[in-house]
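Listing of upload.cif, mmCIF, C-alpha atoms and all ligand atoms
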data_start
loop_
_atom_site.label_atom_id
_atom_site.label_comp_id
_atom_site.auth_asym_id
_atom_site.auth_seq_id
_atom_site.Cartn_x
_atom_site.Cartn_y
_atom_site.Cartn_z
CA MET A 1 -19.35 -38.34 31.50
CA ARG A 2 -15.62 -38.33 32.13
CA LEU A 3 -15.06 -39.76 28.72
CA PHE A 4 -17.14 -36.94 27.26
CA GLN A 5 -15.11 -34.31 29.14
CA LYS A 6 -11.87 -35.81 27.97
CA HIS A 7 -13.11 -35.91 24.42
CA PHE A 8 -14.41 -32.35 24.65
CA CYS A 9 -11.07 -31.18 25.96
CA ALA A 10 -9.21 -32.85 23.11
CA VAL A 11 -11.51 -31.21 20.56
CA ALA A 12 -11.00 -27.79 22.19
CA ILE A 13 -7.21 -28.17 22.04
CA TRP A 14 -7.41 -29.31 18.43
CA LEU A 15 -9.58 -26.31 17.49
CA TRP A 16 -7.18 -23.94 19.27
CA ALA A 17 -4.22 -25.46 17.43
CA VAL A 18 -5.98 -25.14 14.06
CA SER A 19 -6.94 -21.49 14.60
CA ALA A 20 -3.45 -20.65 15.90
CA SER A 21 -1.80 -22.17 12.86
CA ASN A 22 -4.26 -20.33 10.60
CA ALA A 23 -3.34 -16.93 12.01
CA GLN A 24 -0.04 -16.60 10.15
CA LEU A 25 2.58 -14.14 11.25
CA LEU A 26 2.30 -11.23 8.86
CA VAL A 27 5.08 -9.10 7.49
CA GLU A 28 5.17 -5.39 6.66
CA PRO A 29 7.99 -5.17 4.10
CA THR A 30 10.24 -2.15 3.73
CA LEU A 31 11.36 -0.59 0.45
CA HIS A 32 14.24 1.78 -0.28
CA ILE A 33 15.48 3.25 -3.52
CA LYS A 34 19.14 3.47 -4.38
CA ALA A 35 20.83 6.46 -2.79
CA GLU A 36 22.26 9.02 -5.19
CA ALA A 37 25.03 11.57 -5.05
CA GLY A 38 23.79 15.13 -4.76
CA SER A 39 20.97 16.49 -2.67
CA GLY A 40 19.16 13.19 -2.60
CA ARG A 41 16.01 11.65 -3.98
CA VAL A 42 12.90 10.07 -2.50
CA ALA A 43 9.97 8.12 -3.90
CA LEU A 44 6.51 9.35 -2.97
CA THR A 45 3.84 6.63 -3.03
CA LEU A 46 0.19 7.52 -2.43
CA ASP A 47 -2.57 4.99 -1.88
CA ALA A 48 -6.06 5.48 -3.31
CA CYS A 49 -7.82 2.74 -1.34
CA GLY A 50 -11.42 3.72 -2.06
CA GLY A 51 -13.60 6.77 -1.44
CA LYS A 52 -12.72 10.08 -3.03
CA THR A 53 -9.72 12.15 -4.12
CA ASP A 54 -7.81 14.60 -1.94
CA THR A 55 -7.57 17.41 -4.47
CA ARG A 56 -5.36 19.43 -2.06
CA ILE A 57 -2.64 16.82 -2.65
CA LEU A 58 -3.35 16.25 -6.36
CA SER A 59 -3.25 20.00 -7.14
CA ALA A 60 -0.07 20.49 -5.11
CA LEU A 61 1.66 17.68 -7.01
CA VAL A 62 0.73 19.20 -10.37
CA GLU A 63 1.61 22.79 -9.34
CA ASN A 64 4.97 21.80 -7.85
CA LYS A 65 5.75 19.22 -10.54
CA ILE A 66 6.24 16.49 -7.93
CA THR A 67 6.28 12.99 -9.37
CA ALA A 68 4.41 10.25 -7.53
CA THR A 69 3.45 6.60 -7.77
CA ILE A 70 -0.27 6.21 -7.10
CA PHE A 71 -1.56 2.83 -5.88
CA VAL A 72 -5.17 2.60 -7.02
CA THR A 73 -7.88 0.01 -6.38
CA GLY A 74 -10.61 -1.06 -8.76
CA ILE A 75 -13.18 0.52 -6.41
CA TRP A 76 -11.42 3.89 -6.39
CA LEU A 77 -10.95 3.92 -10.18
CA LYS A 78 -14.69 3.42 -10.66
CA HIS A 79 -15.64 6.57 -8.72
CA ASN A 80 -12.81 9.00 -9.48
CA ALA A 81 -12.77 9.46 -13.24
CA ALA A 82 -11.93 13.19 -13.00
CA ALA A 83 -8.83 12.54 -10.88
CA VAL A 84 -7.73 9.69 -13.15
CA ALA A 85 -8.05 12.06 -16.13
CA ILE A 86 -5.79 14.62 -14.41
CA MET A 87 -3.21 11.93 -13.62
CA ARG A 88 -3.31 10.57 -17.16
CA ALA A 89 -2.93 14.10 -18.54
CA HIS A 90 0.43 14.28 -16.70
CA PRO A 91 2.24 11.07 -17.57
CA GLU A 92 5.53 12.82 -16.74
CA LEU A 93 4.35 13.10 -13.11
CA PHE A 94 2.16 10.11 -12.33
CA GLU A 95 2.65 6.37 -12.46
CA LEU A 96 -0.42 4.29 -11.59
CA GLU A 97 0.11 0.95 -9.91
CA ASN A 98 -1.96 -1.90 -8.49
CA HIS A 99 -3.56 -1.59 -5.01
CA GLY A 100 -5.96 -4.51 -5.64
CA GLY A 101 -9.45 -4.88 -7.00
CA ARG A 102 -11.47 -4.58 -3.79
CA HIS A 103 -8.94 -3.43 -1.18
CA VAL A 104 -8.72 -6.68 0.75
CA PRO A 105 -5.42 -7.54 2.47
CA ALA A 106 -3.19 -9.98 0.57
CA VAL A 107 -3.21 -12.57 3.33
CA ASP A 108 -4.20 -16.09 2.31
CA THR A 109 -5.60 -17.23 5.65
CA PRO A 110 -8.78 -15.85 7.24
CA GLN A 111 -7.95 -13.11 9.74
CA LYS A 112 -8.52 -9.42 10.37
CA ILE A 113 -5.86 -6.76 9.91
CA TYR A 114 -6.68 -3.32 11.39
CA GLY A 115 -10.30 -4.51 11.37
CA ILE A 116 -10.27 -5.39 7.65
CA ARG A 117 -11.03 -8.98 6.71
CA SER A 118 -8.16 -10.62 4.78
CA ALA A 119 -8.57 -12.20 1.35
CA GLY A 120 -8.55 -15.47 3.30
CA SER A 121 -7.41 -18.00 0.68
CA PRO A 122 -4.78 -18.28 -2.08
CA GLU A 123 -7.54 -18.00 -4.71
CA ALA A 124 -8.88 -14.80 -3.15
CA VAL A 125 -5.38 -13.26 -3.05
CA LEU A 126 -4.96 -14.04 -6.76
CA ALA A 127 -8.38 -12.55 -7.53
CA GLU A 128 -7.51 -9.35 -5.60
CA VAL A 129 -4.22 -8.87 -7.47
CA GLU A 130 -5.54 -9.78 -10.92
CA SER A 131 -8.75 -7.75 -10.64
CA GLY A 132 -6.68 -4.71 -9.61
CA ALA A 133 -4.51 -5.08 -12.71
CA ALA A 134 -7.58 -5.60 -14.90
CA ALA A 135 -9.22 -2.42 -13.57
CA LEU A 136 -6.06 -0.46 -14.42
CA ALA A 137 -5.93 -1.94 -17.93
CA VAL A 138 -9.39 -0.48 -18.64
CA THR A 139 -8.05 3.06 -18.05
CA GLY A 140 -5.47 2.63 -20.84
CA GLU A 141 -2.55 2.92 -18.40
CA PRO A 142 0.52 0.74 -19.01
CA ALA A 143 0.32 -2.65 -17.28
CA PRO A 144 1.24 -2.28 -13.59
CA LYS A 145 4.55 -3.71 -12.38
CA TRP A 146 4.12 -3.02 -8.68
CA PHE A 147 1.53 -4.26 -6.21
CA ARG A 148 0.73 -3.01 -2.74
CA GLY A 149 -1.93 -4.86 -0.77
CA ALA A 150 -4.51 -3.20 1.47
CA THR A 151 -2.95 -2.46 4.93
CA ALA A 152 0.53 -3.13 3.40
CA GLU A 153 0.75 -6.36 5.45
CA TYR A 154 1.15 -9.79 3.85
CA SER A 155 1.46 -13.44 4.66
CA PRO A 156 4.84 -14.72 3.39
CA SER A 157 3.02 -17.27 1.20
CA ALA A 158 0.99 -14.48 -0.42
CA ILE A 159 4.21 -12.55 -1.15
CA ALA A 160 5.60 -15.60 -2.98
CA MET A 161 2.37 -15.94 -4.96
CA ILE A 162 2.28 -12.28 -6.00
CA ARG A 163 5.94 -12.39 -7.07
CA LYS A 164 5.12 -15.41 -9.25
CA LEU A 165 2.48 -13.31 -11.02
CA GLY A 166 5.32 -10.96 -12.00
CA PHE A 167 4.67 -8.07 -9.61
CA LYS A 168 7.17 -6.45 -7.29
CA ILE A 169 5.68 -5.64 -3.91
CA ALA A 170 5.88 -2.05 -2.74
CA GLY A 171 6.84 -1.67 0.89
CA PHE A 172 7.95 1.70 2.24
CA SER A 173 10.45 3.22 4.66
CA ILE A 174 8.47 6.21 5.97
CA ASN A 175 4.87 5.94 7.13
CA GLY A 176 3.93 9.53 6.30
CA ASP A 177 0.34 9.82 7.48
CA GLY A 178 -0.31 6.78 9.70
CA GLY A 179 -3.10 5.47 7.49
CA SER A 180 -4.34 9.06 7.00
CA LEU A 181 -5.20 9.19 10.71
CA LEU A 182 -2.42 11.51 11.90
CA GLY A 183 -2.82 15.26 12.31
CA ALA A 184 -1.41 17.74 9.82
CA LYS A 185 1.58 18.71 11.97
CA GLU A 186 2.83 15.18 12.65
CA THR A 187 2.27 14.15 9.00
CA ALA A 188 4.25 17.17 7.77
CA ARG A 189 7.04 16.42 10.27
CA ARG A 190 7.35 12.78 9.20
CA ILE A 191 7.38 13.53 5.46
CA ALA A 192 9.77 16.47 5.82
CA ALA A 193 12.20 14.12 7.63
CA ALA A 194 12.63 11.90 4.54
CA LYS A 195 16.23 11.34 3.48
CA ASP A 196 17.95 10.18 0.31
CA GLY A 197 16.67 6.71 -0.63
CA ASP A 198 13.44 6.81 1.36
CA VAL A 199 10.08 5.58 0.08
CA ILE A 200 7.19 7.51 1.62
CA ILE A 201 3.66 6.12 1.95
CA ALA A 202 0.60 8.37 2.45
CA HIS A 203 -2.99 8.52 1.20
CA ILE A 204 -4.67 10.54 -1.54
CA ASN A 205 -8.25 9.34 -0.90
CA GLN A 206 -9.21 11.13 2.35
CA PRO A 207 -10.10 14.72 1.42
CA THR A 208 -11.73 15.42 4.81
CA HIS A 209 -8.74 14.36 6.94
CA THR A 210 -6.25 16.94 8.19
CA ALA A 211 -3.41 14.55 7.33
CA GLY A 212 -3.77 15.68 3.70
CA GLU A 213 -2.72 19.24 4.62
CA GLY A 214 0.33 17.77 6.30
CA VAL A 215 1.22 15.76 3.19
CA VAL A 216 1.28 18.98 1.14
CA GLN A 217 3.35 20.86 3.75
CA GLY A 218 5.82 18.00 4.10
CA LEU A 219 6.30 17.70 0.34
CA ARG A 220 6.86 21.47 0.00
CA ALA A 221 9.52 21.25 2.72
CA LEU A 222 11.31 18.40 0.92
CA LYS A 223 11.25 20.30 -2.34
CA ALA A 224 12.62 23.42 -0.63
CA LYS A 225 15.50 21.31 0.72
CA GLY A 226 16.38 20.36 -2.85
CA LEU A 227 15.37 16.69 -2.77
CA THR A 228 14.10 15.24 -6.04
CA PHE A 229 11.16 12.89 -6.43
CA VAL A 230 11.22 9.69 -8.47
CA ARG A 231 8.59 7.12 -9.35
CA LEU A 232 9.09 3.47 -8.54
CA ASP A 233 9.53 2.57 -12.21
CA ASP A 234 12.41 5.04 -12.50
CA ALA A 235 14.28 3.89 -9.41
CA ASP A 236 16.00 0.72 -8.30
CA GLY A 237 13.79 -0.26 -5.40
CA VAL A 238 15.14 -2.83 -2.97
CA GLY A 239 12.71 -4.41 -0.54
CA ASP A 240 13.07 -7.03 2.17
CA GLU A 241 10.99 -10.21 2.77
CA GLY A 242 11.54 -11.33 -0.85
CA THR A 243 9.41 -8.49 -2.25
CA THR A 244 11.70 -7.32 -5.08
CA ASP A 245 14.44 -9.89 -5.68
ZN ZN B 301 -5.14 1.08 0.91
#

Could you render the structure from this file as structure tokens?
Ligand SMILES: [Zn+2]
Amino acid sequence: MRLFQKHFCAVAIWLWAVSASNAQLLVEPTLHIKAEAGSGRVALTLDACGGKTDTRILSALVENKITATIFVTGIWLKHNAAAVAIMRAHPELFELENHGGRHVPAVDTPQKIYGIRSAGSPEAVLAEVESGAAALAVTGEPAPKWFRGATAEYSPSAIAMIRKLGFKIAGFSINGDGGSLLGAKETARRIAAAKDGDVIIAHINQPTHTAGEGVVQGLRALKAKGLTFVRLDDADGVGDEGTTD
């Protein structure tokens, strides 16, 4: 019996060690664009994770001629043809980039991030990145150069893998809408506080959330202050954690 207990204990410790080593420390990289003389410029990035299109934001971008980089998933592309058509009709405003095929976090060990199950293996990370690029290719858009994974958190090994595929990884410096869960007022306040060189992240796929109103208000405030908007392809983005160099 004692031998059994001892053995059992050793197995338990071994299992704990294995699961602890599997849960890698994740990174949430930042991204800035080069500061510029004058009234300043910012990059607006909007994620289209799945679901629908926030037409409040899309219409405001078109009306105010605000340029944006939209990170789209394969799932979102499939169900939002009308929005894609509007974006493609304004190539001077919109750049479409890769947010993955199925919106699974680019983490190559099995774990949950904000309740979402990670890709879980190197093969699954590759499949997520490549299927996202393939879905974009079908729309006729230029091949994506930037990738942003679901939840914007990564395992360092996944970052290295994605860089090898030729993508830069899009972090951010201002979390504009807190995953689309913030109220309109706080979202507007955060976005309006953007300064020269900032990269803003918010969402364009939650039409029922009040955060979307805040995105529009914040962008109007930035425009009124004289800041200009640039897309990631038109700016020198510098990220940490080996995401751009
Ligand atoms: Zn997303």

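Checking A:Ala137, A:Ala150, A:Val62, A:Ala221 one by one against ligand ZN 301 (chain B), counting only C-alpha atoms and all ligand atoms, you find the shortest gap at A:Ala150.
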
Mind listing the residues within 12 Å of ligand ZN 301 (chain B), only C-alpha atoms and all ligand atoms counted, as number ranges by chain? A: 45-51, 70-76, 98-106, 113-114, 116, 147-153, 178-180, 201-206

A straight line from CA of Glu28 in chain A to CA of Gly237 in chain A spans 15.7 Å

Between A:Asn64, A:Ser121, A:Gln111, A:Thr187, smallest distance to Gln24 in chain A by only C-alpha atoms belongs to A:Gln111

* Compare A:Asp233, A:Asp198, A:Glu123, A:Asp240 by their minimum atom-to-atom distance to Pro29 in chain A, counting all atoms listed in the file, and give me the closest one. =>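 Of all the options, A:Asp240 lies closest to Pro29 in chain A.
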
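Proximity of A:Pro156, A:Gly212, A:Pro207, A:Gly115 to Thr53 in chain A, computed with all atoms listed in the file, is greatest for A:Pro207.
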
Check the smallest atom-to-atom distance from each of A:Ile66, A:Ile86, A:Ala127, A:Ile162 to Arg220 in chain A using all atoms listed in the file, then report the winner.
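The shortest atom-to-atom distance to Arg220 in chain A comes from A:Ile66.
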
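The gap separating CA of Lys112 in chain A from CA of Ser155 in chain A is 12.2 Å, in Å to one decimal.
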
Quick check, in Å to one decimal: how far apart do CA of Lys52 in chain A and CA of Arg231 in chain A lie?
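Separation of CA of Lys52 in chain A and CA of Arg231 in chain A: 22.4 Å.
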
Query raised in the report: Neighbours of Gly239 in chain A within 6 Å (only C-alpha atoms; same-chain residues fewer than 2 positions away dropped), as a PyMOL selection string?
Result: chain A and resi 30-31+243-244

Using all atoms listed in the file, the residue out of A:Arg56, A:Lys185, A:Lys145, A:Arg41 with shortest distance to Ala83 in chain A is A:Arg56
